[in-house]
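Have a look at the structure below before the remarks.
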Amino acid sequence: MIGKFMTTMVAATAIAAVAGMSAQAQDVTLRVHQMLPMQAAIPAKAITPWIEAVEAQSGGRIKVEHYPSMQLGGAPPSLYDQAKDGVVDIVWTVLGYTPGRFPKTEAFELPFLGAGGEATSRAFHAFVTEHAMDEFEGVKPIALHVHGPGLLHVKGDGVGNLDDMQGLKLRGPTRIVTKLLEKLGATAIGMPVPAVPEAISKGVIDGAVVPWEVTLPLKLTELVNTHTGFDDPRGLYTATFVFAMNQASYDKLPDDLKAIIDANSGIETAGMFGRAMDEVDKIGRAKAEASGNKIITLDPTETARWKAAADPIVAEWIVEMNGKGVDGAALVEDSRALVAAEAGK
């Protein structure tokens with residue numbers, strides 16, 4: 001009896017140990033890496049809530065470590081490859097930091113397209129899902145989104161009309177926006193957004209084009225005097241972003257944990273990221289107003305001048321895409337229709 005009892009106990013212990021090891025093996029820690037401090041709009045109001053939701057819905061089986069401000073090394077343009085190559089599990093980055101790598105997504109960087117962060121983010125996620133998933137091999141896009149309307153933030157008297165752009169040295173975030181600034185008469189200098197404050201302080205640039213929300217972590221209201229927007233809710237430009245997971249990191253998850261990631265991916269998640277941008281845009285503008293900076297809104301006639309000057313950027317991009325065997329005009333048409341549909345809801 002004792003022998004049988006001991007045999008049973010040993011077997012039970014072994015089964016429990018195997019079960020425990022199996023459960024433990026299905027727990028996972030994911031590392032998120034991105035370029036901005038934790039208090040910036042997306043880290044605070046999109047990535048952190050996303051992490052909290054995933055951890056809660058998984059019953060704690062998914063743990064997420066969030067590394068802001070490039071704490072794991074590299075420069076912002078390396079973030080996408082860090083996810084693609086499995087250096088980290090998840091990144092948030094600007095698609096335009098790797099020029100030419102995501103050509104079809106550039107349709108959403110074209111001038112006077114974006115109609116607010118949330119609506120345009122939903123449109124952008126739908127656009128990529130339909131037209132450009134082939135550009136994201138090796139990662140699982142969790143959310144594809146944009147920021148709110150881009151505007152000019154400049155030292156001195158600022159920009160009161162198109163002529164004032166002549167000779168200005170302005171930071172451009174992406175290939176398309178850099179070309180746009182050159183077309184408008186400025187000298188465009190490309191650089192990741194964390195480099196902007198030092199570049200302004202040292203006189204390397206006179207200002208930058210960013211949405212209102214970015215002025216907060218960069219403290220732009222202390223570095224420039226003027227902010228110029230347009231009599232059009234669509235703004236001068238928008239930049240595109242991806243919150244993406246290494247495909248292998250996703251594939252090795254058990255099915256129930258994949259379902260958690262899936263439930264927190266897609267157009268609704270993209271909308272959440274865009275909504276965070278919209279919310280903090282309001283705070284950024286209020287900060288500029290409270291600082292006593294000059295806020296310029298170009299009237300309809302002057303805004304029309306800028307649109308006419310920017311139109312060749314669209315035409316050139318269509319020709320460029322046609323040369324790649326892609327129907328550029330169709331992409332422009334669809335991007336505009338998707339934005340209009342989302343903005344009209």
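Naming scheme: A, B, ... for chains in displayed order of the structure tokens; residues 1 onward per chain; ligands 1 onward as shown.
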**OP:** Could you give me, as a ChimeraX atom specification, the residues within 9 Å of segment 145-147 of chain A, counting only C-alpha atoms and dropping anything in the same chain fewer than 2 positions from it?
**Re:** /A:108,114,116-118,120-125,143,149-150,210-211,213,238-243,267,269-271,273-278
Original post:
When DSSP works through the backbone of this structure, what residues of segment 113-335 of chain A end up as alpha helix (DSSP H), shown as a ChimeraX atom specification?
Top reply: /A:117-131,175-183,196-201,215-218,247-251,255-263,267-290,300-323,328-335
May I have the selected residues written with C-alpha atoms, as an mmCIF file, in the first residue's frame?
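So result.cif came out as:
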```cif
data_model
loop_
_atom_site.group_PDB
_atom_site.id
_atom_site.type_symbol
_atom_site.label_atom_id
_atom_site.label_comp_id
_atom_site.auth_asym_id
_atom_site.auth_seq_id
_atom_site.Cartn_x
_atom_site.Cartn_y
_atom_site.Cartn_z
ATOM 1 C CA GLY A 117 -5.776 62.382 -36.152
ATOM 2 C CA GLU A 118 -8.545 59.904 -35.359
ATOM 3 C CA ALA A 119 -10.457 59.992 -38.647
ATOM 4 C CA THR A 120 -7.332 59.979 -40.786
ATOM 5 C CA SER A 121 -5.758 57.189 -38.730
ATOM 6 C CA ARG A 122 -8.760 54.971 -39.309
ATOM 7 C CA ALA A 123 -8.578 55.807 -43.006
ATOM 8 C CA PHE A 124 -4.842 55.124 -43.123
ATOM 9 C CA HIS A 125 -5.144 51.740 -41.434
ATOM 10 C CA ALA A 126 -7.855 50.752 -43.908
ATOM 11 C CA PHE A 127 -5.734 52.030 -46.811
ATOM 12 C CA VAL A 128 -2.665 50.002 -45.833
ATOM 13 C CA THR A 129 -4.773 46.900 -45.176
ATOM 14 C CA GLU A 130 -6.159 47.140 -48.701
ATOM 15 C CA HIS A 131 -3.163 48.407 -50.663
ATOM 16 C CA ARG A 175 10.958 62.435 -47.807
ATOM 17 C CA ILE A 176 7.629 63.744 -49.098
ATOM 18 C CA VAL A 177 7.355 66.589 -46.590
ATOM 19 C CA THR A 178 10.965 67.609 -47.208
ATOM 20 C CA LYS A 179 10.197 67.841 -50.940
ATOM 21 C CA LEU A 180 7.053 69.830 -50.115
ATOM 22 C CA LEU A 181 8.962 72.379 -48.043
ATOM 23 C CA GLU A 182 11.491 72.821 -50.841
ATOM 24 C CA LYS A 183 8.656 73.324 -53.319
ATOM 25 C CA VAL A 196 14.662 69.344 -33.353
ATOM 26 C CA PRO A 197 15.152 71.310 -30.088
ATOM 27 C CA GLU A 198 18.951 71.258 -30.278
ATOM 28 C CA ALA A 199 18.883 72.104 -33.986
ATOM 29 C CA ILE A 200 16.706 75.176 -33.320
ATOM 30 C CA SER A 201 18.769 76.230 -30.300
ATOM 31 C CA THR A 215 5.346 71.013 -29.413
ATOM 32 C CA LEU A 216 4.878 69.793 -25.823
ATOM 33 C CA PRO A 217 7.641 67.172 -25.428
ATOM 34 C CA LEU A 218 9.962 69.302 -27.585
ATOM 35 C CA GLN A 247 6.057 38.455 -36.809
ATOM 36 C CA ALA A 248 7.983 35.602 -35.176
ATOM 37 C CA SER A 249 7.201 36.966 -31.697
ATOM 38 C CA TYR A 250 3.529 36.879 -32.619
ATOM 39 C CA ASP A 251 3.652 33.481 -34.345
ATOM 40 C CA ASP A 255 -3.568 30.761 -29.846
ATOM 41 C CA ASP A 256 -5.345 32.299 -26.866
ATOM 42 C CA LEU A 257 -2.619 34.941 -26.455
ATOM 43 C CA LYS A 258 -2.593 35.620 -30.188
ATOM 44 C CA ALA A 259 -6.289 36.325 -29.815
ATOM 45 C CA ILE A 260 -5.497 38.967 -27.185
ATOM 46 C CA ILE A 261 -3.071 40.721 -29.528
ATOM 47 C CA ASP A 262 -5.578 40.439 -32.383
ATOM 48 C CA ALA A 263 -8.339 41.932 -30.250
ATOM 49 C CA ILE A 267 -8.745 49.969 -37.188
ATOM 50 C CA GLU A 268 -10.152 50.642 -33.700
ATOM 51 C CA THR A 269 -6.661 50.593 -32.220
ATOM 52 C CA ALA A 270 -5.495 52.888 -35.012
ATOM 53 C CA GLY A 271 -8.345 55.217 -34.120
ATOM 54 C CA MET A 272 -7.259 55.202 -30.469
ATOM 55 C CA PHE A 273 -3.735 56.237 -31.460
ATOM 56 C CA GLY A 274 -5.075 59.021 -33.669
ATOM 57 C CA ARG A 275 -7.469 60.163 -30.956
ATOM 58 C CA ALA A 276 -4.528 60.533 -28.568
ATOM 59 C CA MET A 277 -2.949 62.885 -31.096
ATOM 60 C CA ASP A 278 -6.135 64.949 -31.366
ATOM 61 C CA GLU A 279 -6.492 65.259 -27.601
ATOM 62 C CA VAL A 280 -2.948 66.475 -27.086
ATOM 63 C CA ASP A 281 -3.106 68.809 -30.108
ATOM 64 C CA LYS A 282 -5.614 70.853 -28.084
ATOM 65 C CA ILE A 283 -3.248 70.955 -25.123
ATOM 66 C CA GLY A 284 -0.332 71.970 -27.331
ATOM 67 C CA ARG A 285 -2.226 74.872 -28.860
ATOM 68 C CA ALA A 286 -3.431 76.030 -25.440
ATOM 69 C CA LYS A 287 0.171 76.007 -24.217
ATOM 70 C CA ALA A 288 1.255 78.223 -27.111
ATOM 71 C CA GLU A 289 -1.602 80.623 -26.427
ATOM 72 C CA ALA A 290 -0.751 80.785 -22.719
ATOM 73 C CA PRO A 300 -8.761 81.202 -47.536
ATOM 74 C CA THR A 301 -7.082 83.165 -50.328
ATOM 75 C CA GLU A 302 -3.604 82.647 -48.935
ATOM 76 C CA THR A 303 -4.343 79.002 -48.119
ATOM 77 C CA ALA A 304 -5.351 78.526 -51.776
ATOM 78 C CA ARG A 305 -1.942 79.891 -52.828
ATOM 79 C CA TRP A 306 -0.210 77.243 -50.719
ATOM 80 C CA LYS A 307 -2.402 74.484 -52.117
ATOM 81 C CA ALA A 308 -1.614 75.549 -55.674
ATOM 82 C CA ALA A 309 2.103 75.656 -54.884
ATOM 83 C CA ALA A 310 1.891 72.188 -53.299
ATOM 84 C CA ASP A 311 -0.082 70.531 -56.120
ATOM 85 C CA PRO A 312 3.034 69.546 -58.104
ATOM 86 C CA ILE A 313 4.117 67.327 -55.204
ATOM 87 C CA VAL A 314 1.025 65.188 -55.788
ATOM 88 C CA ALA A 315 1.553 65.066 -59.550
ATOM 89 C CA GLU A 316 5.233 64.139 -59.153
ATOM 90 C CA TRP A 317 4.402 61.393 -56.665
ATOM 91 C CA ILE A 318 1.833 59.873 -59.034
ATOM 92 C CA VAL A 319 4.413 59.782 -61.840
ATOM 93 C CA GLU A 320 6.964 58.239 -59.481
ATOM 94 C CA MET A 321 4.536 55.527 -58.387
ATOM 95 C CA ASN A 322 3.535 54.803 -61.979
ATOM 96 C CA GLY A 323 7.216 54.216 -62.667
ATOM 97 C CA GLY A 328 -0.474 56.345 -58.207
ATOM 98 C CA ALA A 329 -3.605 58.239 -59.207
ATOM 99 C CA ALA A 330 -5.796 55.416 -57.911
ATOM 100 C CA LEU A 331 -3.970 55.456 -54.569
ATOM 101 C CA VAL A 332 -4.435 59.213 -54.239
ATOM 102 C CA GLU A 333 -8.105 58.923 -55.122
ATOM 103 C CA ASP A 334 -8.672 56.115 -52.632
ATOM 104 C CA SER A 335 -6.769 57.852 -49.838
#
```
Original post:
Which one of A:Tyr80, A:Phe112, A:Phe102, A:Trp212 sits closest to Tyr237 of chain A if you count only C-alpha atoms?
Top reply: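 Of the candidates, the smallest distance to Tyr237 of chain A is held by A:Phe112.
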**OP:** Please measure the separation of atom CA of Pro49 of chain A and atom CA of Leu72 of chain A, giving the value in Å to one decimal.
**Re:**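 If I compute the distance from atom CA of Pro49 of chain A to atom CA of Leu72 of chain A, I get 21.3 Å.
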Original post:
So, counting only C-alpha atoms, which residue among A:Lys104, A:Met165, A:Val209, A:Val94 is closest to Leu144 of chain A?
Top reply: A:Val94
If you run DSSP on the backbone, which residues of segment 165-222 of chain A are strand (DSSP E or B), as a PDB file with N, CA and C atoms, in the first residue's frame?
```
ATOM      1  N   LYS A 169      15.099  77.823 -43.031  1.00  0.00           N
ATOM      2  CA  LYS A 169      15.626  76.475 -42.838  1.00  0.00           C
ATOM      3  C   LYS A 169      14.675  75.739 -41.892  1.00  0.00           C
ATOM      4  N   LEU A 170      13.990  74.746 -42.436  1.00  0.00           N
ATOM      5  CA  LEU A 170      12.954  74.064 -41.673  1.00  0.00           C
ATOM      6  C   LEU A 170      13.204  72.562 -41.636  1.00  0.00           C
ATOM      7  N   ARG A 171      12.961  71.969 -40.479  1.00  0.00           N
ATOM      8  CA  ARG A 171      13.055  70.516 -40.358  1.00  0.00           C
ATOM      9  C   ARG A 171      11.877  69.866 -41.055  1.00  0.00           C
ATOM     10  N   GLY A 172      12.185  68.857 -41.869  1.00  0.00           N
ATOM     11  CA  GLY A 172      11.143  68.064 -42.498  1.00  0.00           C
ATOM     12  C   GLY A 172      11.187  66.644 -41.971  1.00  0.00           C
ATOM     13  N   THR A 187      14.392  75.915 -47.262  1.00  0.00           N
ATOM     14  CA  THR A 187      15.475  74.946 -47.286  1.00  0.00           C
ATOM     15  C   THR A 187      15.129  73.875 -46.269  1.00  0.00           C
ATOM     16  N   ALA A 188      14.883  72.688 -46.747  1.00  0.00           N
ATOM     17  CA  ALA A 188      14.405  71.614 -45.871  1.00  0.00           C
ATOM     18  C   ALA A 188      15.569  70.763 -45.391  1.00  0.00           C
ATOM     19  N   ILE A 189      15.556  70.454 -44.101  1.00  0.00           N
ATOM     20  CA  ILE A 189      16.583  69.616 -43.493  1.00  0.00           C
ATOM     21  C   ILE A 189      15.881  68.465 -42.792  1.00  0.00           C
ATOM     22  N   GLY A 190      16.133  67.250 -43.239  1.00  0.00           N
ATOM     23  CA  GLY A 190      15.493  66.099 -42.634  1.00  0.00           C
ATOM     24  C   GLY A 190      16.191  65.671 -41.364  1.00  0.00           C
ATOM     25  N   GLY A 207      13.063  76.559 -37.668  1.00  0.00           N
ATOM     26  CA  GLY A 207      11.818  76.037 -37.129  1.00  0.00           C
ATOM     27  C   GLY A 207      11.541  74.659 -37.680  1.00  0.00           C
ATOM     28  N   ALA A 208      10.323  74.215 -37.488  1.00  0.00           N
ATOM     29  CA  ALA A 208       9.961  72.856 -37.885  1.00  0.00           C
ATOM     30  C   ALA A 208       8.496  72.793 -38.238  1.00  0.00           C
ATOM     31  N   VAL A 209       8.145  71.756 -39.000  1.00  0.00           N
ATOM     32  CA  VAL A 209       6.738  71.451 -39.215  1.00  0.00           C
ATOM     33  C   VAL A 209       6.397  70.212 -38.384  1.00  0.00           C
ATOM     34  N   VAL A 210       5.508  70.399 -37.439  1.00  0.00           N
ATOM     35  CA  VAL A 210       5.017  69.320 -36.581  1.00  0.00           C
ATOM     36  C   VAL A 210       3.581  69.656 -36.206  1.00  0.00           C
TER      37      VAL A 210
END
```
Original post:
Which of these residues is nearest to Glu52 of chain A, using only C-alpha atoms: A:Lys345, A:Gly167, A:Asn264, A:Asn293?
Top reply: A:Asn264
Subject >> Spatial neighbours of Leu79 of chain A, 9 Å, only C-alpha atoms, chain gap at least 5 places, as a list of chain:residue names >> reply: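 The residues that qualify are A:His33, A:Gln34, A:Met35, A:Met70, A:Gly74, A:Lys84, A:Val88, A:Val91, A:Trp92, A:Thr93, A:Val94.
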